[in-house]
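*Asks:* Starting off with a structure, shown below.
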Amino acid sequence: MDIQLAIAPSLAWDWRYGVNDEKAEALYKKAVSEQWQAEQLNWEYLVDPARNLLDPARETLVDAAFFRLLKKSQREHFEALCVAETLSQTLHGEQGALLVSCQLAQSLPGMDAKLFAATQAMDEARHIEVFSRYIYRLHDVYEPATTLGRVLGKVMSARHWQAKLVGMQIMVEGLALANFSKLRAATNCELLRNLLRFVMRDEARHVAFGNQYLKSSLAQMHADERAEVEDFAVELVREYRMWGRNPGDLSNFFANLIAIGVDPPDYLAQLKAGFAASGSLALAPKMMQGLEAVIMPGLRRVGLITDRVRDCYLGDELDAAVDMRTLEDLEKSLLA
Ligand SMILES: [Fe+2]
Ligand SMILES: [Fe+2]
């Protein structure tokens, strides 16, 4: 998969050392004191799909009635493949976050913010290490989904660093946080639960930094440039809404079906029948929840859902009058 080549980020030096931005400095200090190592996790733990990798009562990755008809061994194998596939997309997102945080260290104007971006780059390096090690316990790493590749390419290539913060800290990492939270609740694998606990604490800092830094910097932008960032947010939300509709988003999933001996057209026929019966089956329900619970509140909080673009979100069936509680509760529990 080719991910759009990024233009070089603008380079900003700051010759004023010492603390000039207390909020950014506080998050930098917090990041330094919360550094951890992959070796703190118990890599001796046996990752075994037969020990309920996903709790059948809580899982969200494999939820179609169709799979309840599978044999136990088939279902366990499929769950392991689906977890590996989901975490592979996470892993590619982590690489995107590493590259973008390096861009941010170059282009953010203040030294405290640059130092924070440097801690984020280290965090993302560690996330790449632990996720790849975990995935190889289950399977190989899968190809990036088309939509993810498109989103990462757009964030890497964004002209303004404010747009990079929107794309990475509010959208990619906000969605990752929502998905980690769901996966952590659904898995019985102790290694995965502990790994996600460490990673989520880092991601909550990254999301908090984006929120905090964007609020003030957006207010200082020229109106035309600020409008560009608002439009960029609309464009990325639209991309996310396409998740599962680009054929390249589903090829890994279909490969997993074939691996357990299920014919993809049979699966699609069952899905269609389920939709006809209930009227409410979507291929990617996880994405919608993350958008509504985490991304839209994040955009609203930094002031990007303005009157000028509000209707664009409504046109995409997303209510701009968002509920902030899920995002705030998640942050409160992780940033304490
Ligand atoms: Fe990360
Ligand atoms: Fe992150």
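Convention: chains lettered A, B, ... in structure tokens order; per-chain residue numbering from 1; ligands numbered from 1 as shown.
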Please produce, as JSON lines, a per-residue contact table for chain A versus ligand 2 (criterion: any atom at most 6 Å away, only C-alpha atoms and all ligand atoms considered), showing the nearest atom pair and its distance in Å to one decimal, sorted by chain then residue number.

*Replies:*
{"residue": "A:Ala97", "atom": "CA", "partner": "ligand 2", "partner_atom_place_in_ligand_line": "1 (Fe)", "distance": 5.9}
{"residue": "A:Glu124", "atom": "CA", "partner": "ligand 2", "partner_atom_place_in_ligand_line": "1 (Fe)", "distance": 5.9}
{"residue": "A:Glu173", "atom": "CA", "partner": "ligand 2", "partner_atom_place_in_ligand_line": "1 (Fe)", "distance": 5.7}
{"residue": "A:Glu203", "atom": "CA", "partner": "ligand 2", "partner_atom_place_in_ligand_line": "1 (Fe)", "distance": 4.5}
{"residue": "A:His206", "atom": "CA", "partner": "ligand 2", "partner_atom_place_in_ligand_line": "1 (Fe)", "distance": 5.4}

*Asks:* When DSSP is applied to the backbone of this structure, which of stretch 119-230 of chain A are assigned alpha helix (DSSP H)? Write them out as a ChimeraX atom specification.

*Replies:* /A:119-138,146-157,161-165,173-186,190-219,223-230

*Asks:* Which residues of chain A have any atom within 8 Å of an atom in ligand 1 when counting only C-alpha atoms and all ligand atoms, and what is the closest pair of atoms for each, with the distance in Å to one decimal? Order the rows by chain and rising number and write it as a tab-separated table.

*Replies:*
residue	atom	partner	partner_atom_place_in_ligand_line	distance
A:Gly93	CA	ligand 1	1 (Fe)	7.6
A:Glu94	CA	ligand 1	1 (Fe)	4.8
A:Ala97	CA	ligand 1	1 (Fe)	6.3
A:Leu98	CA	ligand 1	1 (Fe)	7.6
A:Gln120	CA	ligand 1	1 (Fe)	7.9
A:Asp123	CA	ligand 1	1 (Fe)	6.4
A:Glu124	CA	ligand 1	1 (Fe)	4.5
A:Ala125	CA	ligand 1	1 (Fe)	7.9
A:His127	CA	ligand 1	1 (Fe)	5.4
A:Ile128	CA	ligand 1	1 (Fe)	7.6
A:Glu173	CA	ligand 1	1 (Fe)	7.1
A:Val199	CA	ligand 1	1 (Fe)	6.6
A:Asp202	CA	ligand 1	1 (Fe)	7.0
A:Glu203	CA	ligand 1	1 (Fe)	5.8

*Asks:* Using only C-alpha atoms, determine which residues lie at most 10 Å from A:Phe254, disregarding the query and same-chain residues fewer than 5 positions distant; provide the list as a ChimeraX atom specification.

*Replies:* /A:249,259,262-265,267

*Asks:* Hey, what's within 12 Å of A:Leu138 if we count only C-alpha atoms and toss same-chain stuff fewer than 5 positions away? As number ranges by chain, please?

*Replies:* A: 46-49, 53, 76-88, 131-133, 189, 192

*Asks:* Atom CA of A:Met122 to atom CA of A:Tyr28: how many Å, to one decimal?

*Replies:*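 Atom CA of A:Tyr28 lies 11.9 Å from atom CA of A:Met122.
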
*Asks:* Check the smallest atom-to-atom distance from each of A:Ala121, A:Leu175, A:Ala208, A:Val19 to A:Gln35 using only C-alpha atoms, then report the winner.

*Replies:*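 For A:Gln35, the nearest of the given residues is A:Ala121.
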
*Asks:* Name the closest residue to A:Leu236 among the candidates A:Tyr213, A:Tyr313, A:Tyr134, A:Tyr142; distances are taken between atoms, counting only C-alpha atoms.

*Replies:*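 Once distances to A:Leu236 are computed over only C-alpha atoms, the minimum belongs to A:Tyr313.
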
*Asks:* For A:Glu235, which residue among A:Val309, A:Ile260, A:Ala273, A:Leu250 is the nearest when counting only C-alpha atoms?

*Replies:*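 Between A:Val309, A:Ile260, A:Ala273, A:Leu250, the residue approaching A:Glu235 most closely is A:Val309.
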
*Asks:* Skip A:Met168 itself and residues of its chain fewer than 4 positions away, then list as a ChimeraX atom specification all residues within 12 Å of it, counting only C-alpha atoms.

*Replies:* /A:93-101,103-104,117,120,148,151-158,161-164,172-177,203,206-211,214,232-233,236,295,298

*Asks:* Would you export the selected residues with N, CA and C atoms as a CSV table (one decimal), in the first residue's frame, please?

*Replies:*
chain,number,residue,atom,x,y,z
A,93,GLY,N,-1.1,2.8,12.7
A,93,GLY,CA,-1.4,4.1,13.2
A,93,GLY,C,-0.3,4.6,14.2
A,94,GLU,N,0.3,3.7,14.9
A,94,GLU,CA,1.4,4.1,15.8
A,94,GLU,C,2.6,4.6,15.0
A,95,GLN,N,2.9,3.9,13.9
A,95,GLN,CA,4.0,4.4,13.0
A,95,GLN,C,3.6,5.8,12.5
A,96,GLY,N,2.4,6.0,12.1
A,96,GLY,CA,2.0,7.4,11.7
A,96,GLY,C,2.2,8.4,12.8
A,97,ALA,N,1.8,8.0,14.1
A,97,ALA,CA,2.0,8.9,15.2
A,97,ALA,C,3.4,9.2,15.5
A,98,LEU,N,4.3,8.2,15.3
A,98,LEU,CA,5.7,8.4,15.5
A,98,LEU,C,6.2,9.5,14.5
A,99,LEU,N,5.8,9.3,13.2
A,99,LEU,CA,6.3,10.2,12.2
A,99,LEU,C,5.7,11.6,12.4
A,100,VAL,N,4.5,11.7,12.8
A,100,VAL,CA,3.8,13.0,12.9
A,100,VAL,C,4.4,13.7,14.2
A,101,SER,N,4.6,12.9,15.3
A,101,SER,CA,5.2,13.6,16.5
A,101,SER,C,6.6,14.2,16.2
A,103,GLN,N,7.5,15.3,13.2
A,103,GLN,CA,7.2,16.5,12.5
A,103,GLN,C,6.8,17.7,13.4
A,104,LEU,N,6.0,17.3,14.4
A,104,LEU,CA,5.5,18.3,15.4
A,104,LEU,C,6.7,18.9,16.2
A,117,ALA,N,6.5,16.9,22.3
A,117,ALA,CA,6.4,16.1,21.1
A,117,ALA,C,7.5,15.1,21.1
A,120,GLN,N,6.5,12.3,23.1
A,120,GLN,CA,5.5,11.5,22.3
A,120,GLN,C,6.1,10.6,21.3
A,148,LEU,N,-7.3,3.9,6.4
A,148,LEU,CA,-6.3,4.3,7.4
A,148,LEU,C,-5.1,4.9,6.6
A,151,VAL,N,-6.0,8.4,5.5
A,151,VAL,CA,-6.0,9.3,6.6
A,151,VAL,C,-4.6,9.7,7.1
A,152,LEU,N,-3.8,8.7,7.2
A,152,LEU,CA,-2.4,9.0,7.7
A,152,LEU,C,-1.6,9.8,6.6
A,153,GLY,N,-1.9,9.5,5.4
A,153,GLY,CA,-1.2,10.3,4.3
A,153,GLY,C,-1.6,11.8,4.4
A,154,LYS,N,-2.9,12.0,4.6
A,154,LYS,CA,-3.4,13.4,4.7
A,154,LYS,C,-2.9,14.1,5.9
A,155,VAL,N,-2.7,13.4,7.0
A,155,VAL,CA,-2.2,14.1,8.2
A,155,VAL,C,-0.7,14.4,8.0
A,156,MET,N,0.0,13.5,7.5
A,156,MET,CA,1.4,13.7,7.2
A,156,MET,C,1.7,14.9,6.3
A,157,SER,N,0.7,15.0,5.3
A,157,SER,CA,0.9,16.1,4.3
A,157,SER,C,0.3,17.4,4.6
A,158,ALA,N,-0.4,17.5,5.8
A,158,ALA,CA,-1.2,18.7,6.1
A,158,ALA,C,-0.2,19.9,6.2
A,161,TRP,N,0.6,22.9,11.1
A,161,TRP,CA,0.8,22.0,12.2
A,161,TRP,C,-0.5,21.8,13.0
A,162,GLN,N,-1.3,22.9,13.0
A,162,GLN,CA,-2.6,22.8,13.7
A,162,GLN,C,-3.5,21.6,13.1
A,163,ALA,N,-3.4,21.5,11.8
A,163,ALA,CA,-4.2,20.4,11.2
A,163,ALA,C,-3.6,19.1,11.5
A,164,LYS,N,-2.3,19.0,11.7
A,164,LYS,CA,-1.6,17.7,12.1
A,164,LYS,C,-2.1,17.3,13.5
A,172,VAL,N,-6.9,10.4,15.1
A,172,VAL,CA,-6.3,9.0,15.1
A,172,VAL,C,-6.2,8.5,16.5
A,173,GLU,N,-5.6,9.4,17.4
A,173,GLU,CA,-5.4,8.9,18.8
A,173,GLU,C,-6.7,8.8,19.6
A,174,GLY,N,-7.6,9.8,19.3
A,174,GLY,CA,-8.9,9.7,20.0
A,174,GLY,C,-9.6,8.4,19.7
A,175,LEU,N,-9.6,8.1,18.4
A,175,LEU,CA,-10.3,6.8,18.0
A,175,LEU,C,-9.6,5.6,18.6
A,176,ALA,N,-8.2,5.7,18.6
A,176,ALA,CA,-7.4,4.6,19.1
A,176,ALA,C,-7.8,4.4,20.6
A,177,LEU,N,-7.9,5.5,21.3
A,177,LEU,CA,-8.2,5.4,22.8
A,177,LEU,C,-9.6,4.7,23.0
A,203,GLU,N,-1.5,7.5,25.6
A,203,GLU,CA,-2.3,8.1,24.5
A,203,GLU,C,-3.2,9.2,25.1
A,206,HIS,N,-1.3,12.3,25.1
A,206,HIS,CA,-1.2,12.9,23.7
A,206,HIS,C,-2.5,13.6,23.3
A,207,VAL,N,-3.6,13.0,23.6
A,207,VAL,CA,-4.9,13.6,23.3
A,207,VAL,C,-5.1,14.9,24.1
A,208,ALA,N,-4.7,14.8,25.4
A,208,ALA,CA,-4.8,16.0,26.2
A,208,ALA,C,-4.0,17.2,25.7
A,209,PHE,N,-2.7,16.8,25.2
A,209,PHE,CA,-1.9,17.9,24.7
A,209,PHE,C,-2.5,18.5,23.5
A,210,GLY,N,-3.0,17.7,22.6
A,210,GLY,CA,-3.7,18.2,21.4
A,210,GLY,C,-4.8,19.1,21.7
A,211,ASN,N,-5.7,18.7,22.6
A,211,ASN,CA,-6.8,19.5,23.0
A,211,ASN,C,-6.3,20.9,23.6
A,214,LEU,N,-4.3,23.1,20.9
A,214,LEU,CA,-5.1,23.6,19.8
A,214,LEU,C,-6.0,24.7,20.2
A,232,PHE,N,-10.4,20.7,7.0
A,232,PHE,CA,-9.6,19.5,7.1
A,232,PHE,C,-10.2,18.5,8.1
A,233,ALA,N,-10.8,19.0,9.2
A,233,ALA,CA,-11.4,18.2,10.2
A,233,ALA,C,-12.7,17.5,9.5
A,236,LEU,N,-11.5,14.7,7.2
A,236,LEU,CA,-11.0,13.5,7.8
A,236,LEU,C,-12.2,12.7,8.4
A,295,ILE,N,-14.4,11.6,19.0
A,295,ILE,CA,-13.9,12.6,18.0
A,295,ILE,C,-14.7,13.9,17.9
A,298,GLY,N,-14.1,16.0,20.9
A,298,GLY,CA,-12.8,16.6,20.8
A,298,GLY,C,-12.8,17.8,19.9

*Asks:* Would you pick out the contacts of A:Asp21 at 7 Å or less, using only C-alpha atoms, so that residues sharing its chain but fewer than 3 positions from it are not included, and give the list as a PyMOL selection string?

*Replies:* chain A and resi 24-25+112

*Asks:* Smallest atom-to-atom distance to A:Gln40: which of A:Arg205, A:Val141, A:Thr326, A:Val130, using only C-alpha atoms?

*Replies:* A:Val130

*Asks:* Can you tell me which residues surround A:Thr147 at a distance of at most 8 Å, considering only C-alpha atoms, apart from same-chain residues fewer than 4 positions away, and format the answer as a short mmCIF file (atom, residue, chain, number, x, y, z; two decimals) with N, CA and C atoms, in the first residue's frame?

*Replies:*
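Result saved to selection23.cif:
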data_model
loop_
_atom_site.label_atom_id
_atom_site.label_comp_id
_atom_site.auth_asym_id
_atom_site.auth_seq_id
_atom_site.Cartn_x
_atom_site.Cartn_y
_atom_site.Cartn_z
N VAL A 151 -6.00 8.39 5.52
CA VAL A 151 -6.03 9.34 6.63
C VAL A 151 -4.60 9.70 7.07
N GLU A 239 -13.64 10.83 5.72
CA GLU A 239 -12.82 9.64 5.41
C GLU A 239 -13.15 8.51 6.39
N TYR A 240 -13.21 8.85 7.67
CA TYR A 240 -13.50 7.82 8.67
C TYR A 240 -14.86 7.17 8.45
N MET A 242 -16.08 6.45 5.84
CA MET A 242 -15.98 5.49 4.73
C MET A 242 -15.37 4.16 5.18
N TRP A 243 -14.92 4.08 6.43
CA TRP A 243 -14.23 2.88 6.90
C TRP A 243 -15.15 1.67 6.71
N ASN A 246 -14.57 1.13 1.64
CA ASN A 246 -13.51 0.97 0.63
C ASN A 246 -13.17 -0.52 0.57
N GLY A 248 -10.56 -2.02 -0.06
CA GLY A 248 -9.26 -2.28 0.57
C GLY A 248 -9.31 -2.31 2.08
N ASP A 249 -10.45 -1.91 2.67
CA ASP A 249 -10.58 -2.01 4.13
C ASP A 249 -10.99 -3.41 4.56
#

*Asks:* Given only C-alpha atoms as the basis, pick out the residue of A:Lys71, A:His139, A:Arg325, A:Lys215 nearest to A:Val166.

*Replies:*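 For A:Val166, the nearest of the given residues is A:Lys215.
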